[in-house]
file run_2.cif (mmCIF, C-alpha atoms and all ligand atoms)
data_run
loop_
_atom_site.group_PDB
_atom_site.id
_atom_site.type_symbol
_atom_site.label_atom_id
_atom_site.label_comp_id
_atom_site.auth_asym_id
_atom_site.auth_seq_id
_atom_site.Cartn_x
_atom_site.Cartn_y
_atom_site.Cartn_z
ATOM 1 C CA MET A 421 39.840 130.103 124.782
ATOM 2 C CA SER A 422 41.366 127.073 123.162
ATOM 3 C CA THR A 423 41.183 123.355 123.588
ATOM 4 C CA PHE A 424 43.798 120.668 123.242
ATOM 5 C CA THR A 425 43.752 117.340 121.475
ATOM 6 C CA ILE A 426 43.634 114.597 124.088
ATOM 7 C CA ARG A 427 46.447 112.091 123.611
ATOM 8 C CA VAL A 428 45.357 108.471 123.466
ATOM 9 C CA PHE A 429 46.804 105.109 124.420
ATOM 10 C CA GLY A 430 49.990 104.410 122.469
ATOM 11 C CA ASP A 431 51.250 107.999 122.690
ATOM 12 C CA PRO A 432 54.565 107.825 124.596
ATOM 13 C CA VAL A 433 53.822 111.054 126.481
ATOM 14 C CA LEU A 434 51.252 109.106 128.524
ATOM 15 C CA LYS A 435 54.074 106.958 129.919
ATOM 16 C CA THR A 436 56.292 109.825 131.045
ATOM 17 C CA ARG A 437 56.508 111.268 134.532
ATOM 18 C CA ALA A 438 55.678 114.985 134.386
ATOM 19 C CA ARG A 439 57.976 117.582 135.919
ATOM 20 C CA GLU A 440 57.179 119.689 138.998
ATOM 21 C CA VAL A 441 55.911 123.202 138.320
ATOM 22 C CA ASP A 442 58.448 125.655 139.823
ATOM 23 C CA ASN A 443 56.736 128.871 138.971
ATOM 24 C CA ILE A 444 52.963 129.354 138.937
ATOM 25 C CA ASP A 445 52.650 132.206 136.474
ATOM 26 C CA GLY A 446 50.111 133.433 133.941
ATOM 27 C CA LYS A 447 51.170 130.728 131.506
ATOM 28 C CA VAL A 448 50.257 128.003 133.981
ATOM 29 C CA ALA A 449 46.900 129.697 134.634
ATOM 30 C CA LYS A 450 46.241 129.835 130.901
ATOM 31 C CA LEU A 451 47.223 126.206 130.495
ATOM 32 C CA ALA A 452 44.783 125.230 133.285
ATOM 33 C CA GLU A 453 42.022 127.258 131.622
ATOM 34 C CA SER A 454 42.504 125.466 128.307
ATOM 35 C CA MET A 455 42.682 122.100 130.073
ATOM 36 C CA ILE A 456 39.352 122.834 131.790
ATOM 37 C CA GLU A 457 37.779 123.700 128.412
ATOM 38 C CA THR A 458 39.196 120.492 126.958
ATOM 39 C CA MET A 459 37.862 118.454 129.895
ATOM 40 C CA TYR A 460 34.338 119.897 129.523
ATOM 41 C CA ALA A 461 34.353 119.432 125.744
ATOM 42 C CA ALA A 462 35.383 115.748 126.048
ATOM 43 C CA PRO A 463 33.354 115.520 128.359
ATOM 44 C CA GLY A 464 35.246 114.243 131.390
ATOM 45 C CA VAL A 465 35.564 114.864 135.124
ATOM 46 C CA GLY A 466 39.352 115.134 135.255
ATOM 47 C CA LEU A 467 42.302 115.818 132.985
ATOM 48 C CA ALA A 468 46.039 115.710 133.636
ATOM 49 C CA ALA A 469 48.580 117.847 131.745
ATOM 50 C CA THR A 470 50.342 114.781 130.323
ATOM 51 C CA GLN A 471 47.066 113.858 128.569
ATOM 52 C CA VAL A 472 47.423 116.994 126.443
ATOM 53 C CA GLY A 473 51.149 116.459 125.913
ATOM 54 C CA VAL A 474 52.341 118.989 128.504
ATOM 55 C CA ASP A 475 55.195 117.979 130.804
ATOM 56 C CA LYS A 476 53.971 119.684 133.972
ATOM 57 C CA ARG A 477 52.576 118.287 137.202
ATOM 58 C CA LEU A 478 49.050 119.634 137.320
ATOM 59 C CA PHE A 479 45.555 118.368 136.780
ATOM 60 C CA VAL A 480 42.084 119.836 136.582
ATOM 61 C CA TYR A 481 38.814 118.289 137.708
ATOM 62 C CA ASP A 482 35.162 119.013 138.252
ATOM 63 C CA ALA A 483 33.378 116.437 140.343
ATOM 64 C CA GLY A 484 30.248 118.598 140.562
ATOM 65 C CA ASP A 485 31.508 121.622 142.519
ATOM 66 C CA GLY A 486 33.003 123.588 139.651
ATOM 67 C CA PRO A 487 36.407 123.443 138.006
ATOM 68 C CA THR A 488 39.474 123.134 140.227
ATOM 69 C CA THR A 489 43.177 123.031 139.387
ATOM 70 C CA ILE A 490 45.764 121.254 141.532
ATOM 71 C CA VAL A 491 49.434 121.971 140.870
ATOM 72 C CA ASN A 492 52.172 119.580 142.038
ATOM 73 C CA PRO A 493 49.643 117.146 143.529
ATOM 74 C CA ALA A 494 50.672 114.294 145.785
ATOM 75 C CA ILE A 495 48.675 111.607 147.543
ATOM 76 C CA THR A 496 50.100 111.522 151.036
ATOM 77 C CA GLU A 497 47.754 109.014 152.672
ATOM 78 C CA SER A 498 45.358 106.367 151.466
ATOM 79 C CA SER A 499 43.188 103.741 153.117
ATOM 80 C CA GLY A 500 40.472 101.192 152.496
ATOM 81 C CA GLU A 501 39.431 99.551 149.250
ATOM 82 C CA TRP A 502 36.765 100.518 146.753
ATOM 83 C CA GLU A 503 35.805 99.035 143.414
ATOM 84 C CA PHE A 504 34.662 101.379 140.689
ATOM 85 C CA GLU A 505 34.001 101.036 136.970
ATOM 86 C CA GLU A 506 36.784 103.295 135.770
ATOM 87 C CA GLY A 507 37.344 104.858 132.359
ATOM 88 C CA CYS A 508 39.852 107.294 130.878
ATOM 89 C CA LEU A 509 39.697 109.984 128.180
ATOM 90 C CA SER A 510 43.012 108.637 126.856
ATOM 91 C CA VAL A 511 41.575 105.121 126.526
ATOM 92 C CA PRO A 512 38.239 106.049 124.939
ATOM 93 C CA ASP A 513 35.073 103.964 125.210
ATOM 94 C CA LEU A 514 36.524 101.318 127.503
ATOM 95 C CA HIS A 515 36.089 100.845 131.216
ATOM 96 C CA TRP A 516 36.938 98.226 133.770
ATOM 97 C CA PRO A 517 36.164 97.517 137.420
ATOM 98 C CA ILE A 518 39.258 98.644 139.315
ATOM 99 C CA ILE A 519 39.966 98.335 143.031
ATOM 100 C CA ARG A 520 41.862 101.212 144.601
ATOM 101 C CA PRO A 521 42.019 102.809 148.053
ATOM 102 C CA LYS A 522 38.674 104.274 149.117
ATOM 103 C CA GLU A 523 39.980 107.349 150.936
ATOM 104 C CA VAL A 524 42.954 109.522 150.139
ATOM 105 C CA HIS A 525 44.578 112.702 151.324
ATOM 106 C CA LEU A 526 45.783 114.982 148.542
ATOM 107 C CA THR A 527 48.213 117.865 148.877
ATOM 108 C CA GLY A 528 49.372 120.380 146.300
ATOM 109 C CA VAL A 529 49.039 124.065 145.519
ATOM 110 C CA ASP A 530 46.363 126.096 143.769
ATOM 111 C CA LEU A 531 46.839 128.604 140.945
ATOM 112 C CA ASP A 532 47.516 131.371 143.481
ATOM 113 C CA GLY A 533 50.323 129.327 144.989
ATOM 114 C CA ASN A 534 48.362 128.567 148.164
ATOM 115 C CA PRO A 535 48.713 125.113 149.704
ATOM 116 C CA VAL A 536 45.874 122.683 149.116
ATOM 117 C CA SER A 537 45.107 119.872 151.542
ATOM 118 C CA LEU A 538 42.059 117.751 150.770
ATOM 119 C CA ASP A 539 40.451 114.612 152.160
ATOM 120 C CA ALA A 540 38.460 112.685 149.590
ATOM 121 C CA ASP A 541 36.612 109.424 149.459
ATOM 122 C CA GLU A 542 34.989 107.161 146.878
ATOM 123 C CA PHE A 543 34.429 108.997 143.566
ATOM 124 C CA LEU A 544 36.553 112.068 144.289
ATOM 125 C CA ALA A 545 39.328 109.917 145.759
ATOM 126 C CA ARG A 546 39.203 107.890 142.554
ATOM 127 C CA VAL A 547 39.547 110.993 140.390
ATOM 128 C CA PHE A 548 42.564 112.164 142.426
ATOM 129 C CA GLN A 549 44.310 108.784 142.195
ATOM 130 C CA HIS A 550 43.623 108.475 138.475
ATOM 131 C CA GLU A 551 44.986 111.961 137.695
ATOM 132 C CA VAL A 552 48.079 111.640 139.905
ATOM 133 C CA ASP A 553 48.761 108.315 138.165
ATOM 134 C CA HIS A 554 48.694 110.137 134.803
ATOM 135 C CA LEU A 555 51.326 112.573 136.063
ATOM 136 C CA ASP A 556 53.471 109.566 137.025
ATOM 137 C CA GLY A 557 53.028 108.052 133.550
ATOM 138 C CA ILE A 558 50.646 105.330 134.736
ATOM 139 C CA LEU A 559 47.478 104.417 132.836
ATOM 140 C CA LEU A 560 44.456 102.715 134.358
ATOM 141 C CA VAL A 561 45.148 99.445 132.494
ATOM 142 C CA GLU A 562 48.213 99.070 134.726
ATOM 143 C CA ARG A 563 45.859 98.974 137.750
ATOM 144 C CA LEU A 564 43.928 95.975 136.456
ATOM 145 C CA ASP A 565 44.489 92.531 137.862
ATOM 146 C CA GLU A 566 46.533 90.115 135.736
ATOM 147 C CA ASP A 567 43.699 88.485 133.739
ATOM 148 C CA LEU A 568 41.758 91.669 133.045
ATOM 149 C CA ARG A 569 44.985 93.387 132.080
ATOM 150 C CA LYS A 570 45.785 90.732 129.474
ATOM 151 C CA ASP A 571 42.295 91.088 127.981
ATOM 152 C CA ALA A 572 42.575 94.866 127.999
ATOM 153 C CA MET A 573 45.951 94.839 126.247
ATOM 154 C CA ARG A 574 44.602 92.457 123.607
ATOM 155 C CA THR A 575 41.639 94.788 122.983
ATOM 156 C CA LEU A 576 43.899 97.835 122.768
ATOM 157 C CA ARG A 577 46.353 96.174 120.395
ATOM 158 C CA GLN A 578 43.491 95.026 118.161
ATOM 159 C CA ARG A 579 42.060 98.505 118.200
ATOM 160 C CA ALA A 580 45.406 100.021 117.177
ATOM 161 C CA LEU A 581 45.465 97.605 114.210
ATOM 162 C CA ASP A 582 41.905 98.543 113.260
ATOM 163 C CA TRP A 583 42.793 102.224 113.365
ATOM 164 C CA HIS A 584 46.057 102.143 111.536
ATOM 165 C CA GLY A 585 45.485 99.222 109.157
HETATM 166 ZN ZN ZN B 601 42.698 109.147 132.430
#
call {"tool": "encode", "arguments": {"input": "run_2.cif", "output": "structure tokens", "more": "lines below"}}
Ligand code: ZN
result
Amino acid sequence: MSTFTIRVFGDPVLKTRAREVDNIDGKVAKLAESMIETMYAAPGVGLAATQVGVDKRLFVYDAGDGPTTIVNPAITESSGEWEFEEGCLSVPDLHWPIIRPKEVHLTGVDLDGNPVSLDADEFLARVFQHEVDHLDGILLVERLDEDLRKDAMRTLRQRALDWHG
């Protein structure tokens, strides 16, 4: 069992759109296993492959019902509005109130290649939207409204200076 290093804000891989998984083989299963370990070690409730530098469309999550892997996920429907104080393992120690749809429908496939079709609301819907965003190269700061986004970018730039001198 191995864990990955989680890529953080500033790493260009977080801005790339991950490629569809054509073939769900043992390698993909192993990748998902290591991603789940990494997510628990962080600890976090969701982790997308791009966050560990892997160019594949899959994410793992555990919102309290055990670890689950979704391959080639897509949000096919969304409705309502819900505000939630959202954070991200790739933007450590920061969180912001973000409004997103309250309910979503997620499709994809599981590690056995079986279709997945899930309705989610509130917290789970938030996890799904956040992880699918990662696979599209979108970070949560891009979901902030104008003013909050400016503040967030200032904080992140300052932090990069503090880290790298
Ligand atoms: Zn994240």
call {"tool": "closest_residue", "arguments": {"input": "run_2.cif", "among": "A:Lys570, A:Arg427, A:Arg520, A:Lys450", "to": "ligand ZN 601 (chain B)", "atoms": "all atoms listed in the file"}}
result
A:Arg427
call {"tool": "resolve_selection", "arguments": {"input": "run_2.cif", "expression": "the PyMOL selection byres (((not hetatm)) within 12 of (chain B and resi 601))", "output": "VMD selection string"}}
result
chain A and resid 426 to 429 434 to 435 459 462 464 to 472 479 to 481 506 to 515 546 to 563
call {"tool": "residues_around", "arguments": {"input": "run_2.cif", "residues": "A:Ala545", "least_positions_apart": "5", "cutoff": "10 Å", "atoms": "all atoms listed in the file", "output": "ChimeraX atom specification"}}
result
/A:495,498,502,520-526,538-540,550
call {"tool": "write_last_selection", "arguments": {"input": "run_2.cif", "atoms": "C-alpha atoms", "output": "compact mmCIF listing (two decimals), keeping the file's coordinate frame"}}
result
# COMPACT_ATOMS: atom_id res chain seq x y z
CA ILE A 495 48.68 111.61 147.54
CA SER A 498 45.36 106.37 151.47
CA TRP A 502 36.76 100.52 146.75
CA ARG A 520 41.86 101.21 144.60
CA PRO A 521 42.02 102.81 148.05
CA LYS A 522 38.67 104.27 149.12
CA GLU A 523 39.98 107.35 150.94
CA VAL A 524 42.95 109.52 150.14
CA HIS A 525 44.58 112.70 151.32
CA LEU A 526 45.78 114.98 148.54
CA LEU A 538 42.06 117.75 150.77
CA ASP A 539 40.45 114.61 152.16
CA ALA A 540 38.46 112.68 149.59
CA HIS A 550 43.62 108.48 138.48
call {"tool": "residues_around", "arguments": {"input": "run_2.cif", "residues": "A:Ala452", "least_positions_apart": "2", "cutoff": "10 Å", "atoms": "all atoms listed in the file", "output": "JSON list (two decimals) with C-alpha atoms, in the frame of the given file"}}
result
[["chain", "number", "residue", "atom", "x", "y", "z"],
["A", 446, "GLY", "CA", 50.11, 133.43, 133.94],
["A", 447, "LYS", "CA", 51.17, 130.73, 131.51],
["A", 448, "VAL", "CA", 50.26, 128.00, 133.98],
["A", 449, "ALA", "CA", 46.90, 129.70, 134.63],
["A", 450, "LYS", "CA", 46.24, 129.84, 130.90],
["A", 454, "SER", "CA", 42.50, 125.47, 128.31],
["A", 455, "MET", "CA", 42.68, 122.10, 130.07],
["A", 456, "ILE", "CA", 39.35, 122.83, 131.79],
["A", 457, "GLU", "CA", 37.78, 123.70, 128.41],
["A", 458, "THR", "CA", 39.20, 120.49, 126.96],
["A", 467, "LEU", "CA", 42.30, 115.82, 132.99],
["A", 468, "ALA", "CA", 46.04, 115.71, 133.64],
["A", 469, "ALA", "CA", 48.58, 117.85, 131.74],
["A", 478, "LEU", "CA", 49.05, 119.63, 137.32],
["A", 479, "PHE", "CA", 45.56, 118.37, 136.78],
["A", 480, "VAL", "CA", 42.08, 119.84, 136.58],
["A", 487, "PRO", "CA", 36.41, 123.44, 138.01],
["A", 488, "THR", "CA", 39.47, 123.13, 140.23],
["A", 489, "THR", "CA", 43.18, 123.03, 139.39],
["A", 490, "ILE", "CA", 45.76, 121.25, 141.53],
["A", 491, "VAL", "CA", 49.43, 121.97, 140.87],
["A", 531, "LEU", "CA", 46.84, 128.60, 140.94]]
call {"tool": "atom_distance", "arguments": {"input": "run_2.cif", "atom1": "atom CA of A:Thr436", "atom2": "atom CA of A:Phe543"}}
result
25.2 Å
call {"tool": "atom_distance", "arguments": {"input": "run_2.cif", "atom1": "atom CA of A:Thr425", "atom2": "atom CA of A:Arg477"}}
result
18.1 Å
call {"tool": "atom_distance", "arguments": {"input": "run_2.cif", "atom1": "atom CA of A:Leu581", "atom2": "atom CA of A:Gly430"}}
result
11.6 Å
call {"tool": "closest_residue", "arguments": {"input": "run_2.cif", "among": "A:Ile519, A:Leu564, A:Gly473, A:Thr527", "to": "A:Arg437", "atoms": "all atoms listed in the file"}}
result
A:Gly473
call {"tool": "closest_residue", "arguments": {"input": "run_2.cif", "among": "A:Thr423, A:Ala438, A:Val474, A:Asp482", "to": "A:Ala461", "atoms": "all atoms listed in the file"}}
result
A:Thr423
call {"tool": "closest_residue", "arguments": {"input": "run_2.cif", "among": "A:Asn443, A:Glu542, A:Ile518, A:Ser537", "to": "A:Glu566", "atoms": "only C-alpha atoms"}}
result
A:Ile518
call {"tool": "axis_aligned_box", "arguments": {"input": "run_2.cif", "around": "stretch 425-443 of chain A", "padding_each_side": "3 Å", "output": "JSON"}}
result
{"center_x": 51.0, "center_y": 116.6, "center_z": 130.6, "size_x": 20.8, "size_y": 30.5, "size_z": 24.3}
call {"tool": "closest_residue", "arguments": {"input": "run_2.cif", "among": "A:Lys476, A:Ser422, A:Pro517, A:Thr496", "to": "A:Tyr460", "atoms": "only C-alpha atoms"}}
result
A:Ser422
